[in-house]
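Heads up, the thing below is written out as structure tokens.
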Amino acid sequence: QYSQNNNMASSSLKDKDEGNYVDDVENFDEEEEEENLDPVEQKPRNRSFIARASTTGKSTFFSDQHGNLKFVNVIVRHPICIFFTFFAICIFCTLVLSRLVRREGQNPITEDTNAYDIYDARSIAYDSLRIAKEDVEDFYETNSRRLRKLEGQQVQEDVGDRMIWIYKAKTEDGLFTNEAIPIMRAAEATILEHEDYEKYCVLEYDLVDETTGETLPPQCEKPLSVMNIYYASEWNSTVAAEVISEFKTNPSSVDIYNRLAPCLDFSLFCDEILGTVSANATAWAEDMKVKIDSIIENWDGKGDLNPNVEQVTEFIAYMNLLFSKSFNVVFYLDSEFSVDNQKSMFSRSFFSWGQLLEGTDDEDESEEQLKEFVLDNLVEEWDKFTASNNNPVVQSYYFMGSLIFDIILRILSNDGLKAVGSLLAVFFYLRFMLGSWFLAAVGMFEIFMSLPLAWLYFSYIFQIKYFSSLNTLCIFIVTAIGADDIFVFMDSYKQSAGMGPEVLKDLETRMSWVYRRSGSAMLLTSATTCLAFLTTLFSPIAGTRSFGVFAAFVILLDYVLVMTLFCTSVVIYHDRFETKKWCCNCSFWSKCDPTPTEKAIEDYQNGVELKTDPISRFFKEKFGPFMLNARNRIIIGVVLIAWIIVAAIFSSKLEPTTTAEQFLDDDHPLQIGATILTENFPQTQEDRSSKVHFIWGLDEVDRAGVNQLLDPENVGTASFNSEFTFDAQCQTAILSACDMLASDPDLKEFILLRDGSRSIDCFVQELGAFNVDNNANCLDVRIGDWQDEDWQVSSDNLTTTMEAFVSKRACEPDGQSVRNYYQNIMGWDGSGLRYAGISIESSILNERRVLAEDTVRVHYDKFIQVAEKFDENVGKACKTKTIMTDLDQKFVFMNNQRIYRTSAVSSSMIGVLVSFVVIFIATRKLHLAFFATVSIFSVLISVIGAVTIAGWTLGVIEAILFGILAGFSVDYVIHLAHAYSHAEGDVEERVMAAYAEMGTSVFSGMLTSVVASIPLFFCTLTFFAKFGTFLCLTILFSWIFANLGFMGLLATFKISMDRKCL
């Protein structure tokens, strides 16, 4: 009977017409079981997954009268046309995207300056002041009063940028040695001795020759460098020895001098201080002051290296003990330097660059000209000094704000090359598994094309303008998921060759079967992954929401391209490449004869066993039977449960980060320099601390109509309090608040000390002194005699007084105008004072440093208490509530850290729940959905536990990765669940069928993703390096728990698929 049917099939094959078999093949007697027997193994062919087409003879919207998909029919009949149509659409859309991006003429990646919860109290306070300040500045400019270049302003008068040299000793002798000092001097000489330095430095004006009284030409501001001391133009060794001897022989003399310092050095509190110290002690202190000042005044760096380096270092050590003199030296010393340890293993110097430069009209133009000068003339020399082999005693690093972007671009280029290596590895693995250069090339093309297509839809069709920097990670995400989809499609195609005449009737029927089977599996995983990424919409951070939505677009479009472009390429491969010899056969102009489908049906009828790859045979013949062995499952279960317990314990120990977040790899010079600045130096007055502002005159920002995804720049409009009045009562209350900040002992550890006193910016003090005497200087302001006069500015005279006041120089080190220096707390718009306030410098917050949430929160809570106290007096006097904030987003980021921590958990749980719902809807089996969810949850616990063991803490990067963890871990378990639910037979037969159908696809997808993640381990950017580790761990654990955990549970509990919803 079998032989007779074989002959019937063979004769029918002769009546073919361009690959379409005659209907005789349909007439096989389905009632005879022998037709389904393999003549070699005499076992029934696996028919668990034969998706029979409709035989009703009726056409539907999607299928023809034979049950074949109409779309697939078109692809099969016109593959070349369809392929190049889709190819052209991809290229066209990419060109359109490129043109649109170029037309906008700006960086497409949105700056994360507004990446925060816009409805949180910290961000509301921040934007209330920031936007109000911008509005005041804009109004001031429109009234023809230039904000940053007032009338009479000189070139290079303001600070445009700063550059820091950071030095690290290579020997135990430290940096202050005869060998190390000249090397540091040479590094700084690259700037100071450059012929054009004077054209770019900060210039000091109104200098007077103390001997002749003549006005001197402007000179470059002296850099902050210990070289100024060791290369002082004059050094009196005798006087220095006397000073050292006085403090060394009588340690209490340090306390005596510090007690008298406010009066001696600042002329403050003299009446109170002098009454507590003897006349002899006062005379001694005055004599010491003269000697010390005679030495310090010559620290100008214009001499030769002092031959007595040891004496200079010891003098520095004792100056560091005097709080009124320590500011002259402490900036250059590391935290361990002291009288007892006169070795500084680290040091730093500080250079200021001028603004506005000659020939420039605004800050941007000035900054660009400075940057061009530095890149063309200095960076190459700086890089020589930072080379590790430059010298044996000093390792140098440099840091300059305007160069950061160029350095990051350089790093991105290098990391990009590593990413290219990752993608090439994926390409060659695709080639190995698919056996075709053509299919591998088309596969990589469709993976790449999903990115620009998603970008076009995301930004220009749906008008989502917030394009987060996180979106760049999607190239690795889609590479992993896209390759997995390709393997699923190709495995379905390969397995279709053994499905008999029902599937191999013709290519249209075969491809419809492939399309239905692979499409449903990929649709399920793609939908689940998309929904998991869309759970980021619950995050209040716009950047995270943008990333989730964009990733969902990428996954969706990758699915579409696999089902269209790649499907078409498989038909072309079938028609023109598959049966031709040699891997590089390019005779695409001729079709395969016979076609692979004809050959497959012939082999089927002749009982030729379908060739399978070693991986497929392993899962079918080894792995499946292994998992069906109860003893093996017990061992695997014990190991997995033990690991989950360990991982859960470590996951519970995951704590928020308590150190600064690293942006770069530990070994990158920029990161090393930043770490040294953060960990090895004390906070000094020369460091640019973050200022905390207490403001009156503003209401909360108006957030009406704000949607950051559609308009990232719009975060609200400023609200000025109409009842705010800057009258005498309000001015007096603000001055009292300044005095309270300066004297309250509870605030001692929260406010930075400068020149021995708390750093408080109180423009009302300068305004009051100015109103009493237009010629009052900074010393007059500090002494405070003007407070005995009628100093308040009346409302009638406020405009006239403020116009003159804002143009004078403020009492601050950089010599800026009052308007420039106090612009954050003095809302003068040229016609009225819109808001007023006070600033204090935080003792720990720094614009270059990111601190742990708990550390910042202590300071935030204290300043909130201060603001509440101010509401009771200043608020009533000025008729407005107090707004407390900083403008460096330190308090905003503190709340972001909390959001990242909490959203990491919530997003993961939502992702797990979404996976459960989707699997249950797709399979309508509760036990499948439950077991799959257990697997996904186990992956989540395993990844978090593993990275905790590796030493990770919960920072921003980790929180974002954990938040998208569920989206990564669903694919493999869903593939196996889908295959199991669509198989036939008992539990064991379904397990074997699932492994046979999806084992290779899942394994190949896992291996591809792991290979793609390995090059990321070596990236310089911390985010990419951590993402590589995260991706690798997630993929490995997902594969383990899908194949061993999920399938093991199914094989163990043996729940019948015949039970409804169970």
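Residues are referred to by chain and number: the chain letter is A, B, ... according to the order shown in the structure tokens, the number counts from 1 in that chain, and ligands are numbered separately from 1 in the order shown.
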
- Which residues come within 9 Å of His975 (chain A), counting only C-alpha atoms, excluding same-chain residues fewer than 2 positions away, as number ranges by chain? A: 488, 521-522, 524-525, 970-973, 977-980, 994, 998, 1001-1002

- Message: So that I can see what lies close to Val478 (chain A), please list as a ChimeraX atom specification the residues with an atom at most 7 Å from it, counting only C-alpha atoms and leaving out residues fewer than 3 positions away in the same chain.
- Response: /A:447,474-475,481-482,554-555

Suppose we keep all heavy atoms; can you now write the selection as an mmCIF file, in the first residue's frame?
```cif
data_model
loop_
_atom_site.group_PDB
_atom_site.id
_atom_site.type_symbol
_atom_site.label_atom_id
_atom_site.label_comp_id
_atom_site.auth_asym_id
_atom_site.auth_seq_id
_atom_site.Cartn_x
_atom_site.Cartn_y
_atom_site.Cartn_z
ATOM 1 N N ILE A 447 16.932 44.085 10.790
ATOM 2 C CA ILE A 447 17.147 44.444 12.198
ATOM 3 C C ILE A 447 17.533 45.912 12.301
ATOM 4 O O ILE A 447 16.990 46.675 13.118
ATOM 5 C CB ILE A 447 18.228 43.536 12.819
ATOM 6 C CG1 ILE A 447 17.674 42.123 13.041
ATOM 7 C CG2 ILE A 447 18.722 44.123 14.147
ATOM 8 C CD1 ILE A 447 18.708 41.123 13.503
ATOM 9 N N CYS A 474 18.502 50.544 22.115
ATOM 10 C CA CYS A 474 17.580 49.697 21.352
ATOM 11 C C CYS A 474 18.291 48.931 20.246
ATOM 12 O O CYS A 474 17.772 47.905 19.780
ATOM 13 C CB CYS A 474 16.452 50.549 20.770
ATOM 14 S SG CYS A 474 15.272 51.114 22.026
ATOM 15 N N ILE A 475 19.445 49.412 19.806
ATOM 16 C CA ILE A 475 20.169 48.678 18.769
ATOM 17 C C ILE A 475 20.590 47.307 19.280
ATOM 18 O O ILE A 475 20.556 46.307 18.550
ATOM 19 C CB ILE A 475 21.398 49.476 18.261
ATOM 20 C CG1 ILE A 475 22.008 48.762 17.057
ATOM 21 C CG2 ILE A 475 22.432 49.675 19.355
ATOM 22 C CD1 ILE A 475 23.080 49.556 16.361
ATOM 23 N N ILE A 481 16.507 40.450 20.016
ATOM 24 C CA ILE A 481 15.141 39.993 19.751
ATOM 25 C C ILE A 481 14.931 39.717 18.259
ATOM 26 O O ILE A 481 14.267 38.746 17.880
ATOM 27 C CB ILE A 481 14.131 41.031 20.259
ATOM 28 C CG1 ILE A 481 14.236 41.128 21.785
ATOM 29 C CG2 ILE A 481 12.713 40.687 19.834
ATOM 30 C CD1 ILE A 481 13.351 42.191 22.402
ATOM 31 N N GLY A 482 15.506 40.564 17.386
ATOM 32 C CA GLY A 482 15.372 40.368 15.952
ATOM 33 C C GLY A 482 15.998 39.080 15.488
ATOM 34 O O GLY A 482 15.433 38.352 14.655
ATOM 35 N N VAL A 554 10.306 49.859 18.151
ATOM 36 C CA VAL A 554 11.377 49.097 17.500
ATOM 37 C C VAL A 554 11.013 47.617 17.420
ATOM 38 O O VAL A 554 11.163 46.982 16.366
ATOM 39 C CB VAL A 554 12.710 49.297 18.256
ATOM 40 C CG1 VAL A 554 13.777 48.340 17.723
ATOM 41 C CG2 VAL A 554 13.197 50.734 18.119
ATOM 42 N N ILE A 555 10.531 47.058 18.533
ATOM 43 C CA ILE A 555 10.164 45.634 18.549
ATOM 44 C C ILE A 555 9.013 45.368 17.582
ATOM 45 O O ILE A 555 9.008 44.374 16.844
ATOM 46 C CB ILE A 555 9.776 45.203 19.974
ATOM 47 C CG1 ILE A 555 10.957 45.421 20.937
ATOM 48 C CG2 ILE A 555 9.343 43.746 19.986
ATOM 49 C CD1 ILE A 555 12.241 44.761 20.516
#
```

Mind checking which residues fall within 9 Å of Lys371 (chain A), counting only C-alpha atoms, ignoring those fewer than 4 positions away in the same chain, and posting them as a PDB file with all heavy atoms, in the first residue's frame?
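Result written to result-v8.pdb:
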```pdb
ATOM      1  N   SER A 366      31.772  83.097  22.102  1.00  0.00           N
ATOM      2  CA  SER A 366      33.005  83.168  22.888  1.00  0.00           C
ATOM      3  C   SER A 366      33.470  81.781  23.301  1.00  0.00           C
ATOM      4  O   SER A 366      34.661  81.452  23.216  1.00  0.00           O
ATOM      5  CB  SER A 366      32.769  84.036  24.130  1.00  0.00           C
ATOM      6  OG  SER A 366      33.926  84.107  24.917  1.00  0.00           O
ATOM      7  N   GLU A 367      32.536  80.938  23.734  1.00  0.00           N
ATOM      8  CA  GLU A 367      32.882  79.583  24.152  1.00  0.00           C
ATOM      9  C   GLU A 367      33.432  78.771  22.984  1.00  0.00           C
ATOM     10  O   GLU A 367      34.384  78.005  23.145  1.00  0.00           O
ATOM     11  CB  GLU A 367      31.654  78.903  24.742  1.00  0.00           C
ATOM     12  CG  GLU A 367      31.908  77.479  25.211  1.00  0.00           C
ATOM     13  CD  GLU A 367      30.672  76.818  25.780  1.00  0.00           C
ATOM     14  OE1 GLU A 367      29.784  77.545  26.267  1.00  0.00           O
ATOM     15  OE2 GLU A 367      30.602  75.576  25.734  1.00  0.00           O
ATOM     16  N   LEU A 375      41.612  73.213  21.576  1.00  0.00           N
ATOM     17  CA  LEU A 375      41.772  71.994  20.789  1.00  0.00           C
ATOM     18  C   LEU A 375      42.933  72.096  19.809  1.00  0.00           C
ATOM     19  O   LEU A 375      43.663  71.118  19.589  1.00  0.00           O
ATOM     20  CB  LEU A 375      40.477  71.689  20.033  1.00  0.00           C
ATOM     21  CG  LEU A 375      39.279  71.241  20.882  1.00  0.00           C
ATOM     22  CD1 LEU A 375      38.031  71.124  20.018  1.00  0.00           C
ATOM     23  CD2 LEU A 375      39.562  69.906  21.556  1.00  0.00           C
ATOM     24  N   ASP A 376      43.125  73.269  19.234  1.00  0.00           N
ATOM     25  CA  ASP A 376      44.168  73.433  18.217  1.00  0.00           C
ATOM     26  C   ASP A 376      45.548  73.603  18.812  1.00  0.00           C
ATOM     27  O   ASP A 376      46.547  73.261  18.163  1.00  0.00           O
ATOM     28  CB  ASP A 376      43.843  74.636  17.329  1.00  0.00           C
ATOM     29  CG  ASP A 376      42.610  74.418  16.464  1.00  0.00           C
ATOM     30  OD1 ASP A 376      42.196  73.248  16.338  1.00  0.00           O
ATOM     31  OD2 ASP A 376      42.060  75.402  15.940  1.00  0.00           O
ATOM     32  N   SER A 402      34.179  72.678  28.671  1.00  0.00           N
ATOM     33  CA  SER A 402      33.804  72.774  27.255  1.00  0.00           C
ATOM     34  C   SER A 402      34.370  71.632  26.421  1.00  0.00           C
ATOM     35  O   SER A 402      33.957  71.449  25.269  1.00  0.00           O
ATOM     36  CB  SER A 402      34.277  74.114  26.681  1.00  0.00           C
ATOM     37  OG  SER A 402      35.684  74.236  26.788  1.00  0.00           O
ATOM     38  N   LEU A 403      35.304  70.858  26.979  1.00  0.00           N
ATOM     39  CA  LEU A 403      35.876  69.733  26.230  1.00  0.00           C
ATOM     40  C   LEU A 403      35.158  68.420  26.508  1.00  0.00           C
ATOM     41  O   LEU A 403      35.412  67.420  25.831  1.00  0.00           O
ATOM     42  CB  LEU A 403      37.360  69.569  26.578  1.00  0.00           C
ATOM     43  CG  LEU A 403      38.283  70.736  26.257  1.00  0.00           C
ATOM     44  CD1 LEU A 403      39.719  70.369  26.621  1.00  0.00           C
ATOM     45  CD2 LEU A 403      38.193  71.117  24.793  1.00  0.00           C
TER      46      LEU A 403
END
```

- Message: Let me make sure I understand: among A:Pro392, A:Gly784, A:Pro452, A:Gly500, which one has the smallest atom-to-atom distance to Thr171 (chain A) if we use only C-alpha atoms?
- Response: A:Pro392

- Message: When DSSP is applied to the backbone of this structure, which of region 736-973 of chain A are assigned strand (DSSP E)? Write them out as number ranges by chain.
- Response: A: 753-754, 757-758, 760-761, 826-828, 833-846, 883-886

Counting only C-alpha atoms, what is within 10 Å of Phe650 (chain A), bar same-chain residues fewer than 6 positions away, as a short mmCIF file (atom, residue, chain, number, x, y, z; two decimals) with N, CA, C and O atoms, in the first residue's frame?
```cif
data_model
loop_
_atom_site.label_atom_id
_atom_site.label_comp_id
_atom_site.auth_asym_id
_atom_site.auth_seq_id
_atom_site.Cartn_x
_atom_site.Cartn_y
_atom_site.Cartn_z
N ILE A 644 17.74 30.16 43.72
CA ILE A 644 16.74 31.21 43.90
C ILE A 644 16.75 31.71 45.34
O ILE A 644 16.61 32.92 45.60
N ILE A 941 14.60 37.69 40.00
CA ILE A 941 15.32 37.51 41.26
C ILE A 941 16.77 37.12 41.01
O ILE A 941 17.70 37.59 41.68
N SER A 942 16.99 36.25 40.03
CA SER A 942 18.34 35.76 39.75
C SER A 942 19.25 36.87 39.27
O SER A 942 20.41 36.98 39.71
N ILE A 944 18.93 40.19 39.72
CA ILE A 944 19.18 41.16 40.79
C ILE A 944 20.13 40.56 41.82
O ILE A 944 21.06 41.22 42.30
N GLY A 945 19.93 39.29 42.17
CA GLY A 945 20.82 38.64 43.13
C GLY A 945 22.24 38.54 42.60
O GLY A 945 23.21 38.76 43.34
N ALA A 946 22.38 38.20 41.33
CA ALA A 946 23.72 38.04 40.74
C ALA A 946 24.49 39.35 40.74
O ALA A 946 25.69 39.39 41.07
N VAL A 947 23.84 40.44 40.33
CA VAL A 947 24.55 41.72 40.28
C VAL A 947 24.84 42.25 41.68
O VAL A 947 25.82 42.96 41.89
N THR A 948 24.00 41.90 42.64
CA THR A 948 24.29 42.27 44.03
C THR A 948 25.51 41.54 44.53
O THR A 948 26.37 42.12 45.20
N ILE A 949 25.61 40.26 44.20
CA ILE A 949 26.81 39.49 44.55
C ILE A 949 28.04 40.09 43.89
O ILE A 949 29.13 40.13 44.47
#
```

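In terms of minimum interatomic distance to Ala630 (chain A), A:Ala1051 ranks closest within A:Ala1051, A:Leu434, A:Ile124, A:Leu268, counting only C-alpha atoms.
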
- Message: Let's see if you can do this: from backbone DSSP, list all alpha helix (DSSP H) residues in region 743-930 of chain A, as a VMD selection string.
- Response: chain A and resid 743 763 to 772 778 to 783 798 to 805 818 to 821 853 to 878 890 to 923 926 to 930

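Among the candidates A:Leu409, A:Ile461, A:Val1010, A:Val72, the residue lying nearest to Tyr515 (chain A) is A:Val72 (atoms considered: only C-alpha atoms).
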